[in-house]
file model-v3.cif (mmCIF, C-alpha atoms)
data_target
loop_
_atom_site.label_atom_id
_atom_site.label_comp_id
_atom_site.auth_asym_id
_atom_site.auth_seq_id
_atom_site.Cartn_x
_atom_site.Cartn_y
_atom_site.Cartn_z
CA MET A 1 -53.11 250.43 7.38
CA GLY A 2 -56.48 250.77 9.05
CA ALA A 3 -57.50 248.82 12.13
CA VAL A 4 -58.99 245.64 10.66
CA ASP A 5 -59.19 242.61 12.96
CA LEU A 6 -59.27 239.27 11.12
CA LYS A 7 -57.95 237.06 13.94
CA GLY A 8 -59.67 233.69 14.01
CA ARG A 9 -61.34 234.16 10.61
CA ASP A 10 -61.39 231.53 7.87
CA PHE A 11 -60.31 232.51 4.35
CA LEU A 12 -62.54 230.48 2.04
CA LYS A 13 -63.70 232.92 -0.65
CA LEU A 14 -63.65 236.67 -1.21
CA LEU A 15 -67.45 236.80 -1.04
CA ASP A 16 -66.97 236.45 2.74
CA TYR A 17 -64.79 239.58 2.96
CA THR A 18 -65.57 243.27 2.67
CA PRO A 19 -63.71 245.54 0.24
CA GLU A 20 -62.03 247.17 3.26
CA GLU A 21 -60.81 243.79 4.53
CA ILE A 22 -59.53 242.80 1.09
CA ARG A 23 -57.63 246.08 0.76
CA TYR A 24 -56.17 245.55 4.23
CA LEU A 25 -54.82 242.12 3.24
CA VAL A 26 -53.28 243.54 0.05
CA GLU A 27 -51.64 246.36 2.03
CA LEU A 28 -50.37 243.91 4.64
CA ALA A 29 -48.92 241.75 1.86
CA ALA A 30 -47.15 244.77 0.39
CA ALA A 31 -45.66 245.53 3.80
CA TYR A 32 -44.44 241.95 4.18
CA LYS A 33 -42.98 242.03 0.67
CA LYS A 34 -41.02 245.15 1.54
CA LYS A 35 -39.65 243.51 4.69
CA LYS A 36 -38.73 240.37 2.76
CA HIS A 37 -36.85 242.32 0.08
CA GLU A 38 -35.07 244.40 2.72
CA GLY A 39 -34.06 241.32 4.73
CA ILE A 40 -36.05 242.38 7.80
CA LEU A 41 -37.07 239.42 9.98
CA HIS A 42 -40.80 239.09 10.61
CA ASP A 43 -41.08 235.77 12.46
CA ASP A 44 -43.99 236.98 14.60
CA LEU A 45 -45.70 233.58 14.80
CA ARG A 46 -42.89 231.53 16.35
CA GLY A 47 -44.16 228.38 18.03
CA LYS A 48 -47.19 227.99 15.79
CA ASN A 49 -47.69 225.19 13.26
CA VAL A 50 -49.89 224.81 10.17
CA ALA A 51 -51.20 221.80 8.24
CA LEU A 52 -51.19 221.96 4.45
CA ILE A 53 -53.65 219.51 2.85
CA PHE A 54 -53.06 219.06 -0.88
CA GLU A 55 -55.51 216.76 -2.63
CA LYS A 56 -54.37 218.53 -5.82
CA THR A 57 -50.64 219.08 -6.26
CA SER A 58 -49.15 222.52 -6.88
CA THR A 59 -45.87 224.36 -7.28
CA ARG A 60 -46.79 227.94 -6.41
CA THR A 61 -49.36 227.28 -3.69
CA ARG A 62 -47.25 224.75 -1.81
CA CYS A 63 -44.05 226.79 -2.00
CA SER A 64 -45.91 229.97 -1.07
CA PHE A 65 -47.46 228.46 2.05
CA GLU A 66 -44.28 226.71 3.15
CA VAL A 67 -41.96 229.69 2.67
CA ALA A 68 -44.51 232.11 4.15
CA ALA A 69 -44.95 229.88 7.20
CA HIS A 70 -41.17 229.61 7.63
CA ASP A 71 -40.69 233.38 7.33
CA LEU A 72 -43.35 233.90 10.00
CA GLY A 73 -41.49 231.49 12.30
CA MET A 74 -43.99 228.64 11.96
CA GLY A 75 -43.61 224.95 11.28
CA SER A 76 -45.58 223.39 8.41
CA THR A 77 -46.65 219.81 7.67
CA TYR A 78 -47.44 218.94 4.05
CA LEU A 79 -50.10 216.26 3.48
CA ASP A 80 -50.23 215.06 -0.12
CA PRO A 81 -53.02 212.87 -1.58
CA SER A 82 -51.28 209.69 -0.35
CA ALA A 83 -50.50 211.05 3.13
CA SER A 84 -53.97 212.12 4.20
CA GLN A 85 -57.02 210.00 5.04
CA ILE A 86 -59.44 212.88 4.45
CA SER A 87 -62.73 211.58 2.97
CA LYS A 88 -61.21 208.07 2.61
CA LYS A 89 -60.82 206.47 6.03
CA GLU A 90 -61.67 209.60 8.00
CA SER A 91 -64.50 212.06 7.52
CA ILE A 92 -63.90 215.72 6.80
CA ALA A 93 -65.44 216.63 10.16
CA ASP A 94 -63.18 214.23 12.06
CA THR A 95 -60.12 215.36 10.09
CA ALA A 96 -60.88 218.98 10.98
CA ARG A 97 -61.14 218.20 14.69
CA VAL A 98 -58.03 216.02 14.76
CA LEU A 99 -55.89 218.62 13.00
CA SER A 100 -57.31 221.46 15.13
CA GLY A 101 -55.82 219.75 18.18
CA MET A 102 -52.34 219.71 16.65
CA PHE A 103 -52.15 222.79 14.42
CA ASP A 104 -52.93 226.49 14.60
CA GLY A 105 -54.22 226.73 11.02
CA ILE A 106 -55.23 224.42 8.15
CA GLU A 107 -54.83 224.98 4.40
CA TYR A 108 -56.83 222.92 1.91
CA ARG A 109 -56.27 222.63 -1.85
CA GLY A 110 -58.46 220.20 -3.72
CA TYR A 111 -61.89 219.70 -5.18
CA GLY A 112 -65.34 220.98 -4.22
CA GLN A 113 -65.80 224.20 -2.28
CA GLU A 114 -68.10 222.25 0.04
CA ILE A 115 -65.06 220.33 1.34
CA VAL A 116 -63.14 223.39 2.54
CA GLU A 117 -66.40 224.86 3.89
CA GLU A 118 -67.02 221.68 5.92
CA LEU A 119 -63.43 221.69 7.18
CA ALA A 120 -63.96 225.24 8.40
CA LYS A 121 -67.29 224.34 10.02
CA TYR A 122 -65.72 221.68 12.23
CA ALA A 123 -62.23 223.13 12.73
CA SER A 124 -61.54 225.29 15.76
CA VAL A 125 -58.62 227.03 14.00
CA PRO A 126 -58.56 229.19 10.82
CA VAL A 127 -58.97 227.31 7.54
CA TRP A 128 -57.56 228.72 4.29
CA ASN A 129 -58.63 227.85 0.75
CA GLY A 130 -55.58 227.11 -1.44
CA LEU A 131 -57.87 226.33 -4.42
CA THR A 132 -61.15 224.55 -5.02
CA ASN A 133 -63.11 223.88 -8.18
CA GLU A 134 -65.17 227.01 -7.54
CA PHE A 135 -62.81 229.61 -6.03
CA HIS A 136 -59.12 230.55 -5.75
CA PRO A 137 -59.03 233.44 -3.25
CA THR A 138 -55.30 233.46 -2.45
CA GLN A 139 -54.57 233.86 -6.17
CA MET A 140 -56.92 236.84 -6.26
CA LEU A 141 -55.02 238.63 -3.49
CA ALA A 142 -51.76 238.06 -5.36
CA ASP A 143 -53.33 239.41 -8.53
CA LEU A 144 -54.66 242.48 -6.72
CA LEU A 145 -51.22 243.18 -5.26
CA THR A 146 -49.75 242.89 -8.77
CA ILE A 147 -52.35 245.29 -10.16
CA GLN A 148 -51.64 247.74 -7.35
CA GLU A 149 -47.92 247.57 -8.15
CA CYS A 150 -48.54 248.07 -11.88
CA PHE A 151 -51.23 250.78 -11.76
CA GLY A 152 -51.21 252.19 -8.23
CA THR A 153 -54.98 251.80 -7.88
CA PHE A 154 -57.94 249.49 -8.42
CA GLU A 155 -60.15 252.39 -9.49
CA GLY A 156 -61.10 252.32 -13.16
CA ILE A 157 -59.24 249.06 -13.80
CA LYS A 158 -60.74 246.72 -16.41
CA VAL A 159 -59.91 243.01 -16.34
CA ALA A 160 -60.60 241.00 -19.50
CA TYR A 161 -60.73 237.30 -18.69
CA MET A 162 -60.08 235.23 -21.82
CA GLY A 163 -61.19 231.63 -22.30
CA ASP A 164 -63.08 229.29 -19.98
CA ALA A 165 -64.76 231.47 -17.35
CA ARG A 166 -66.90 228.75 -15.73
CA TYR A 167 -64.61 227.61 -12.94
CA ASN A 168 -62.44 228.90 -10.10
CA MET A 169 -60.51 231.62 -11.94
CA GLY A 170 -63.42 233.07 -13.91
CA ASN A 171 -65.64 232.93 -10.82
CA SER A 172 -63.00 234.47 -8.59
CA TRP A 173 -62.23 237.32 -10.97
CA MET A 174 -65.90 238.19 -11.32
CA VAL A 175 -66.28 238.24 -7.52
CA THR A 176 -63.09 240.26 -7.06
CA CYS A 177 -64.08 242.92 -9.57
CA ALA A 178 -67.58 243.14 -8.07
CA LYS A 179 -66.13 243.58 -4.57
CA MET A 180 -63.46 246.11 -5.56
CA GLY A 181 -65.51 248.27 -7.94
CA MET A 182 -63.54 247.18 -11.01
CA GLU A 183 -64.74 246.15 -14.48
CA PHE A 184 -64.92 242.46 -15.36
CA ALA A 185 -65.23 241.34 -18.98
CA ALA A 186 -65.58 237.61 -19.59
CA CYS A 187 -64.51 236.85 -23.17
CA ALA A 188 -65.76 233.35 -23.95
CA PRO A 189 -68.47 231.38 -25.73
CA GLU A 190 -71.77 231.78 -23.87
CA SER A 191 -71.68 228.18 -22.63
CA TYR A 192 -68.34 228.99 -20.95
CA TRP A 193 -69.67 231.91 -18.88
CA PRO A 194 -69.87 231.70 -15.06
CA ASP A 195 -72.79 230.22 -13.12
CA ARG A 196 -75.95 232.35 -13.38
CA ASP A 197 -76.59 232.44 -9.63
CA LEU A 198 -73.07 233.70 -8.99
CA VAL A 199 -73.49 236.26 -11.78
CA ALA A 200 -76.65 237.53 -10.07
CA THR A 201 -74.85 237.77 -6.72
CA CYS A 202 -72.02 239.75 -8.30
CA GLN A 203 -74.41 242.06 -10.11
CA GLU A 204 -76.02 242.91 -6.76
CA LEU A 205 -72.58 243.62 -5.29
CA ALA A 206 -71.75 245.78 -8.30
CA LYS A 207 -74.69 248.05 -7.50
CA GLU A 208 -73.01 248.88 -4.18
CA THR A 209 -69.43 249.23 -5.42
CA GLY A 210 -69.88 250.70 -8.91
CA ALA A 211 -68.34 247.64 -10.56
CA ARG A 212 -69.22 246.69 -14.12
CA ILE A 213 -69.72 243.09 -15.26
CA GLY A 214 -69.92 242.15 -18.93
CA PHE A 215 -69.90 239.03 -21.10
CA TYR A 216 -68.61 238.93 -24.66
CA GLU A 217 -68.50 236.19 -27.27
CA ASP A 218 -66.50 238.60 -29.46
CA ALA A 219 -63.01 238.60 -27.93
CA MET A 220 -61.91 241.79 -29.67
CA GLU A 221 -64.94 243.67 -28.38
CA GLY A 222 -64.55 242.42 -24.83
CA VAL A 223 -60.84 243.12 -24.50
CA ARG A 224 -61.03 246.67 -25.86
CA GLY A 225 -59.54 249.11 -23.36
CA ALA A 226 -58.60 246.45 -20.80
CA ASN A 227 -55.83 247.24 -18.33
CA VAL A 228 -55.34 243.55 -17.51
CA VAL A 229 -55.65 240.68 -19.96
CA TYR A 230 -55.95 237.45 -18.00
CA THR A 231 -56.16 233.79 -18.95
CA ASP A 232 -55.73 230.32 -17.52
CA VAL A 233 -55.12 226.85 -18.96
CA TRP A 234 -58.01 225.57 -21.05
CA VAL A 235 -57.70 221.94 -19.92
CA SER A 236 -56.83 220.58 -16.49
CA MET A 237 -54.51 217.62 -15.99
CA GLY A 238 -56.14 214.23 -16.35
CA GLU A 239 -59.03 215.32 -18.56
CA PRO A 240 -59.76 213.02 -21.56
CA ASP A 241 -58.74 213.68 -25.15
CA GLU A 242 -62.26 214.64 -26.23
CA VAL A 243 -62.14 217.53 -23.74
CA TRP A 244 -58.84 218.72 -25.19
CA LYS A 245 -60.29 218.69 -28.70
CA GLU A 246 -63.48 220.50 -27.69
CA ARG A 247 -61.69 223.20 -25.70
CA ILE A 248 -59.12 223.84 -28.44
CA ASP A 249 -61.87 224.11 -31.05
CA ARG A 250 -64.11 226.38 -28.94
CA LEU A 251 -61.50 228.55 -27.22
CA SER A 252 -58.94 229.19 -29.97
CA PRO A 253 -60.57 232.57 -30.82
CA TYR A 254 -59.80 233.64 -27.21
CA GLN A 255 -56.07 232.93 -27.29
CA VAL A 256 -54.07 235.86 -25.90
CA ASN A 257 -51.84 236.98 -28.76
CA ARG A 258 -50.35 240.18 -30.13
CA LYS A 259 -53.64 241.31 -31.70
CA ILE A 260 -55.50 240.88 -28.42
CA MET A 261 -52.87 242.86 -26.47
CA GLU A 262 -52.88 245.63 -29.10
CA GLN A 263 -56.68 245.82 -28.82
CA ALA A 264 -56.39 246.13 -25.05
CA GLY A 265 -54.30 249.22 -25.56
CA ASP A 266 -51.15 250.94 -24.32
CA GLY A 267 -50.05 250.04 -20.83
CA ALA A 268 -52.06 246.81 -20.63
CA VAL A 269 -50.43 243.93 -18.78
CA PHE A 270 -50.75 240.20 -19.30
CA MET A 271 -51.43 237.98 -16.28
CA HIS A 272 -51.77 234.21 -15.85
CA CYS A 273 -52.05 232.12 -12.67
CA LEU A 274 -49.68 229.49 -14.19
CA PRO A 275 -48.66 226.95 -15.32
CA ALA A 276 -49.11 228.04 -18.95
CA TYR A 277 -49.04 226.23 -22.28
CA HIS A 278 -47.10 228.96 -24.10
CA ASP A 279 -44.66 226.51 -25.70
CA LEU A 280 -43.97 222.77 -25.93
CA LYS A 281 -41.25 222.63 -23.25
CA THR A 282 -43.26 220.44 -20.87
CA GLN A 283 -44.07 216.74 -21.11
CA ILE A 284 -47.81 217.29 -21.38
CA GLY A 285 -47.42 220.27 -23.71
CA LYS A 286 -45.19 218.26 -26.04
CA GLU A 287 -47.48 215.20 -26.04
CA LYS A 288 -50.70 217.15 -26.57
CA GLY A 289 -49.10 219.54 -29.05
CA GLU A 290 -48.06 216.65 -31.25
CA GLN A 291 -51.46 215.00 -30.84
CA PHE A 292 -53.60 218.06 -31.56
CA GLY A 293 -51.26 220.09 -33.74
CA PHE A 294 -50.54 223.19 -31.64
CA THR A 295 -47.38 224.91 -30.45
CA GLU A 296 -49.11 227.40 -28.11
CA LEU A 297 -52.53 227.30 -26.45
CA GLU A 298 -54.13 229.93 -24.24
CA VAL A 299 -51.30 232.43 -24.75
CA THR A 300 -48.60 232.81 -27.38
CA ASP A 301 -44.97 232.62 -26.37
CA GLU A 302 -44.52 236.09 -27.86
CA VAL A 303 -46.94 237.61 -25.32
CA PHE A 304 -45.84 235.40 -22.42
CA GLU A 305 -42.21 236.50 -22.81
CA SER A 306 -43.00 240.14 -23.66
CA GLU A 307 -42.47 243.24 -21.53
CA CYS A 308 -46.21 243.45 -20.86
CA SER A 309 -46.15 240.07 -19.12
CA VAL A 310 -46.02 240.27 -15.31
CA VAL A 311 -46.62 236.58 -14.62
CA PHE A 312 -43.50 236.01 -12.53
CA GLN A 313 -44.04 239.13 -10.43
CA GLU A 314 -47.57 237.81 -9.94
CA ALA A 315 -46.27 234.34 -8.98
CA GLU A 316 -43.94 235.78 -6.35
CA ASN A 317 -46.83 237.76 -4.92
CA ARG A 318 -48.59 234.49 -4.05
CA MET A 319 -46.12 234.10 -1.19
CA HIS A 320 -46.54 237.64 0.17
CA THR A 321 -50.33 237.58 0.08
CA ILE A 322 -50.57 234.09 1.60
CA LYS A 323 -48.26 235.34 4.35
CA ALA A 324 -50.65 238.22 4.95
CA VAL A 325 -53.65 235.88 5.18
CA MET A 326 -51.95 233.59 7.69
CA ALA A 327 -50.57 236.46 9.76
CA ALA A 328 -53.88 238.33 9.88
CA THR A 329 -56.03 235.32 10.75
CA LEU A 330 -53.56 233.92 13.29
CA GLY A 331 -53.09 237.29 14.96
CA ALA A 332 -49.44 238.17 14.29
CA ASP A 333 -48.37 241.25 16.28
#

call {"tool": "encode", "arguments": {"input": "model-v3.cif", "output": "structure tokens"}}
result
Amino acid sequence: MGAVDLKGRDFLKLLDYTPEEIRYLVELAAAYKKKKHEGILHDDLRGKNVALIFEKTSTRTRCSFEVAAHDLGMGSTYLDPSASQISKKESIADTARVLSGMFDGIEYRGYGQEIVEELAKYASVPVWNGLTNEFHPTQMLADLLTIQECFGTFEGIKVAYMGDARYNMGNSWMVTCAKMGMEFAACAPESYWPDRDLVATCQELAKETGARIGFYEDAMEGVRGANVVYTDVWVSMGEPDEVWKERIDRLSPYQVNRKIMEQAGDGAVFMHCLPAYHDLKTQIGKEKGEQFGFTELEVTDEVFESECSVVFQEAENRMHTIKAVMAATLGAD
């Protein structure tokens, strides 16, 4: 790995990082994954502690940060929505300064990007974005590591993003492809495409890196020749019934199914940041399936459980890449 110094840096969005720095983090994650699988201790940050603020709950992000912190020798304190006064009784700026006096790093998972940006502004320790409405950078590193493991390169890789591309995952994939010189194809109704200003920013980046950015209302056209077919849930928890109905009606043509994977071509892999509505084996899936008459939503169970699906390899990689981010920004030897 090249000499890249990220000590003291925040990790808020990939727009803040150069392609070289992103590659460094992916390579560092691969090295940590190898050590983990070989049972080699790497507790280089003994004595340090991190705060994990979760205004939105999570399985993968919480477990990834906690296990990664433990492997690195650190303590971690989990603050759920009921255990933190952030933005309620205490301002974001005050929270940042209080936690900076007790912890060596702060993770935030929640709502607007402006919240994690303000935390970073007032914190005197590195702040890491575990997910906001606009960006999900730790997921992107995990996805890049997975692509590297599957294809050995980022060069010439096409990612077809299926469904609602307006929020954190669509935004983050467009940024990632622009940064890494890859091809991004958003397959969605036009009203579900990413923000125009962000599109313009990514198109400028693409001029430097050779990336290609495209938008397709025709799913079969957009997915043709894709190496990676990617999707996310169409509806977030807590959204009203009218949103469910609208999204199902508008996004059904973008469901990842056998025809879509065949159109992508030989060797294509299916990826999903999870959780996924690929069956009715969850409480919400069962309730909404009965209400709206579906058995599968953004991806069919056939594709999810197929050999082309790498979703659980991808999920494991969350831990290794988050470990790399914490180690690099906290200055592990």

call {"tool": "resolve_selection", "arguments": {"input": "model-v3.cif", "expression": "the PyMOL selection byres ((chain A and resi 109-115) around 12)", "output": "PyMOL selection string"}}
result
chain A and resi 11-13+51-62+65+78-81+86-87+91-93+95-96+106-108+116-122+127-138+167-168

call {"tool": "write_last_selection", "arguments": {"input": "model-v3.cif", "atoms": "C-alpha atoms", "output": "short mmCIF file (atom, residue, chain, number, x, y, z; two decimals), in the frame of the given file"}}
result
data_model
loop_
_atom_site.label_atom_id
_atom_site.label_comp_id
_atom_site.auth_asym_id
_atom_site.auth_seq_id
_atom_site.Cartn_x
_atom_site.Cartn_y
_atom_site.Cartn_z
CA PHE A 11 -60.31 232.51 4.35
CA LEU A 12 -62.54 230.48 2.04
CA LYS A 13 -63.70 232.92 -0.65
CA ALA A 51 -51.20 221.80 8.24
CA LEU A 52 -51.19 221.96 4.45
CA ILE A 53 -53.65 219.51 2.85
CA PHE A 54 -53.06 219.06 -0.88
CA GLU A 55 -55.51 216.76 -2.63
CA LYS A 56 -54.37 218.53 -5.82
CA THR A 57 -50.64 219.08 -6.26
CA SER A 58 -49.15 222.52 -6.88
CA THR A 59 -45.87 224.36 -7.28
CA ARG A 60 -46.79 227.94 -6.41
CA THR A 61 -49.36 227.28 -3.69
CA ARG A 62 -47.25 224.75 -1.81
CA PHE A 65 -47.46 228.46 2.05
CA TYR A 78 -47.44 218.94 4.05
CA LEU A 79 -50.10 216.26 3.48
CA ASP A 80 -50.23 215.06 -0.12
CA PRO A 81 -53.02 212.87 -1.58
CA ILE A 86 -59.44 212.88 4.45
CA SER A 87 -62.73 211.58 2.97
CA SER A 91 -64.50 212.06 7.52
CA ILE A 92 -63.90 215.72 6.80
CA ALA A 93 -65.44 216.63 10.16
CA THR A 95 -60.12 215.36 10.09
CA ALA A 96 -60.88 218.98 10.98
CA ILE A 106 -55.23 224.42 8.15
CA GLU A 107 -54.83 224.98 4.40
CA TYR A 108 -56.83 222.92 1.91
CA VAL A 116 -63.14 223.39 2.54
CA GLU A 117 -66.40 224.86 3.89
CA GLU A 118 -67.02 221.68 5.92
CA LEU A 119 -63.43 221.69 7.18
CA ALA A 120 -63.96 225.24 8.40
CA LYS A 121 -67.29 224.34 10.02
CA TYR A 122 -65.72 221.68 12.23
CA VAL A 127 -58.97 227.31 7.54
CA TRP A 128 -57.56 228.72 4.29
CA ASN A 129 -58.63 227.85 0.75
CA GLY A 130 -55.58 227.11 -1.44
CA LEU A 131 -57.87 226.33 -4.42
CA THR A 132 -61.15 224.55 -5.02
CA ASN A 133 -63.11 223.88 -8.18
CA GLU A 134 -65.17 227.01 -7.54
CA PHE A 135 -62.81 229.61 -6.03
CA HIS A 136 -59.12 230.55 -5.75
CA PRO A 137 -59.03 233.44 -3.25
CA THR A 138 -55.30 233.46 -2.45
CA TYR A 167 -64.61 227.61 -12.94
CA ASN A 168 -62.44 228.90 -10.10
#

call {"tool": "closest_atom_pairs", "arguments": {"input": "model-v3.cif", "of": "stretch 225-284 of chain A", "to": "stretch 147-162 of chain A", "cutoff": "10 Å", "atoms": "all atoms listed in the file", "output": "CSV"}}
result
residue,atom,partner,partner_atom,distance
A:Gly225,CA,A:Lys158,CA,7.4
A:Ala226,CA,A:Lys158,CA,4.9
A:Asn227,CA,A:Lys158,CA,5.3
A:Val228,CA,A:Val159,CA,4.7
A:Val229,CA,A:Ala160,CA,5.0
A:Tyr230,CA,A:Tyr161,CA,4.8
A:Thr231,CA,A:Met162,CA,5.1
A:Asp232,CA,A:Met162,CA,7.8
A:Trp234,CA,A:Met162,CA,9.9
A:Leu251,CA,A:Met162,CA,8.7
A:Pro253,CA,A:Met162,CA,9.4
A:Tyr254,CA,A:Met162,CA,5.6
A:Gln255,CA,A:Met162,CA,7.2
A:Val256,CA,A:Met162,CA,7.3
A:Ile260,CA,A:Met162,CA,9.8
A:Ala264,CA,A:Ala160,CA,8.7
A:Gly267,CA,A:Phe151,CA,9.2
A:Ala268,CA,A:Cys150,CA,9.5
A:Val269,CA,A:Cys150,CA,8.3
A:Phe270,CA,A:Ala160,CA,9.9
A:Met271,CA,A:Ile147,CA,9.6
A:His272,CA,A:Tyr161,CA,9.9

call {"tool": "atom_distance", "arguments": {"input": "model-v3.cif", "atom1": "atom CA of A:Gly285", "atom2": "atom CA of A:Asp164"}}
result
18.5 Å

call {"tool": "resolve_selection", "arguments": {"input": "model-v3.cif", "expression": "the PyMOL selection byres ((chain A and resi 20-34) around 9)", "output": "JSON, numbers by chain"}}
result
{"A": [1, 2, 3, 4, 5, 6, 14, 17, 18, 19, 35, 36, 37, 38, 39, 40, 42, 141, 142, 144, 145, 148, 179, 180, 317, 319, 320, 321, 322, 323, 324, 325, 328]}

call {"tool": "write_last_selection", "arguments": {"input": "model-v3.cif", "atoms": "C-alpha atoms", "output": "PDB file, in the coordinates of the input"}}
result
ATOM      1  CA  MET A   1     -53.110 250.430   7.380  1.00  0.00           C
ATOM      2  CA  GLY A   2     -56.480 250.770   9.050  1.00  0.00           C
ATOM      3  CA  ALA A   3     -57.500 248.820  12.130  1.00  0.00           C
ATOM      4  CA  VAL A   4     -58.990 245.640  10.660  1.00  0.00           C
ATOM      5  CA  ASP A   5     -59.190 242.610  12.960  1.00  0.00           C
ATOM      6  CA  LEU A   6     -59.270 239.270  11.120  1.00  0.00           C
ATOM      7  CA  LEU A  14     -63.650 236.670  -1.210  1.00  0.00           C
ATOM      8  CA  TYR A  17     -64.790 239.580   2.960  1.00  0.00           C
ATOM      9  CA  THR A  18     -65.570 243.270   2.670  1.00  0.00           C
ATOM     10  CA  PRO A  19     -63.710 245.540   0.240  1.00  0.00           C
ATOM     11  CA  LYS A  35     -39.650 243.510   4.690  1.00  0.00           C
ATOM     12  CA  LYS A  36     -38.730 240.370   2.760  1.00  0.00           C
ATOM     13  CA  HIS A  37     -36.850 242.320   0.080  1.00  0.00           C
ATOM     14  CA  GLU A  38     -35.070 244.400   2.720  1.00  0.00           C
ATOM     15  CA  GLY A  39     -34.060 241.320   4.730  1.00  0.00           C
ATOM     16  CA  ILE A  40     -36.050 242.380   7.800  1.00  0.00           C
ATOM     17  CA  HIS A  42     -40.800 239.090  10.610  1.00  0.00           C
ATOM     18  CA  LEU A 141     -55.020 238.630  -3.490  1.00  0.00           C
ATOM     19  CA  ALA A 142     -51.760 238.060  -5.360  1.00  0.00           C
ATOM     20  CA  LEU A 144     -54.660 242.480  -6.720  1.00  0.00           C
ATOM     21  CA  LEU A 145     -51.220 243.180  -5.260  1.00  0.00           C
ATOM     22  CA  GLN A 148     -51.640 247.740  -7.350  1.00  0.00           C
ATOM     23  CA  LYS A 179     -66.130 243.580  -4.570  1.00  0.00           C
ATOM     24  CA  MET A 180     -63.460 246.110  -5.560  1.00  0.00           C
ATOM     25  CA  ASN A 317     -46.830 237.760  -4.920  1.00  0.00           C
ATOM     26  CA  MET A 319     -46.120 234.100  -1.190  1.00  0.00           C
ATOM     27  CA  HIS A 320     -46.540 237.640   0.170  1.00  0.00           C
ATOM     28  CA  THR A 321     -50.330 237.580   0.080  1.00  0.00           C
ATOM     29  CA  ILE A 322     -50.570 234.090   1.600  1.00  0.00           C
ATOM     30  CA  LYS A 323     -48.260 235.340   4.350  1.00  0.00           C
ATOM     31  CA  ALA A 324     -50.650 238.220   4.950  1.00  0.00           C
ATOM     32  CA  VAL A 325     -53.650 235.880   5.180  1.00  0.00           C
ATOM     33  CA  ALA A 328     -53.880 238.330   9.880  1.00  0.00           C
TER      34      ALA A 328
END

call {"tool": "residues_around", "arguments": {"input": "model-v3.cif", "residues": "A:Pro126", "least_positions_apart": "3", "cutoff": "7 Å", "atoms": "only C-alpha atoms", "output": "VMD selection string"}}
result
chain A and resid 8 to 10 105 to 106 329

call {"tool": "residues_around", "arguments": {"input": "model-v3.cif", "residues": "A:Asp241", "least_positions_apart": "4", "cutoff": "9 Å", "atoms": "only C-alpha atoms", "output": "ChimeraX atom specification"}}
result
/A:245-246,288

call {"tool": "write_last_selection", "arguments": {"input": "model-v3.cif", "atoms": "C-alpha atoms", "output": "mmCIF file, keeping the file's coordinate frame"}}
result
data_model
loop_
_atom_site.group_PDB
_atom_site.id
_atom_site.type_symbol
_atom_site.label_atom_id
_atom_site.label_comp_id
_atom_site.auth_asym_id
_atom_site.auth_seq_id
_atom_site.Cartn_x
_atom_site.Cartn_y
_atom_site.Cartn_z
ATOM 1 C CA LYS A 245 -60.290 218.690 -28.700
ATOM 2 C CA GLU A 246 -63.480 220.500 -27.690
ATOM 3 C CA LYS A 288 -50.700 217.150 -26.570
#

call {"tool": "residues_near_point", "arguments": {"input": "model-v3.cif", "point": "(-45.0, 223.3, -21.8)", "cutoff": "12 Å", "atoms": "all atoms listed in the file", "output": "list in words"}}
result
Val233, Leu274, Pro275, Ala276, Tyr277, His278, Asp279, Leu280, Lys281, Thr282, Gln283, Ile284, Gly285, Lys286, Glu287, Lys288, Gly289, Glu290, Phe294, Thr295, Glu296, Leu297, Glu298, Val299, Thr300 and Asp301 of chain A

call {"tool": "residues_around", "arguments": {"input": "model-v3.cif", "residues": "A:Asp195", "least_positions_apart": "3", "cutoff": "9 Å", "atoms": "only C-alpha atoms", "output": "PyMOL selection string"}}
result
chain A and resi 166-167+171+198-200

call {"tool": "decode", "arguments": {"input": "model-v3.cif", "residues": "stretch 156-164 of chain A", "atoms": "N, CA and C atoms", "output": "tab-separated table (two decimals), in the first residue's frame"}}
result
chain	number	residue	atom	x	y	z
A	156	GLY	N	-13.28	-0.48	-15.96
A	156	GLY	CA	-14.25	-1.05	-16.89
A	156	GLY	C	-15.49	-1.63	-16.23
A	157	ILE	N	-15.64	-1.43	-14.92
A	157	ILE	CA	-16.79	-1.99	-14.22
A	157	ILE	C	-18.01	-1.08	-14.39
A	158	LYS	N	-19.14	-1.70	-14.74
A	158	LYS	CA	-20.40	-0.97	-14.85
A	158	LYS	C	-21.34	-1.39	-13.73
A	159	VAL	N	-21.86	-0.38	-13.01
A	159	VAL	CA	-22.82	-0.63	-11.95
A	159	VAL	C	-24.18	-0.11	-12.40
A	160	ALA	N	-25.17	-1.00	-12.45
A	160	ALA	CA	-26.55	-0.60	-12.75
A	160	ALA	C	-27.32	-0.53	-11.45
A	161	TYR	N	-27.75	0.67	-11.10
A	161	TYR	CA	-28.50	0.87	-9.86
A	161	TYR	C	-29.99	0.89	-10.18
A	162	MET	N	-30.73	-0.07	-9.63
A	162	MET	CA	-32.13	-0.28	-9.99
A	162	MET	C	-33.07	0.27	-8.91
A	163	GLY	N	-34.03	1.11	-9.31
A	163	GLY	CA	-35.04	1.55	-8.36
A	163	GLY	C	-34.95	3.03	-8.03
A	164	ASP	N	-35.07	3.36	-6.75
A	164	ASP	CA	-35.11	4.75	-6.30
A	164	ASP	C	-33.69	5.27	-6.11
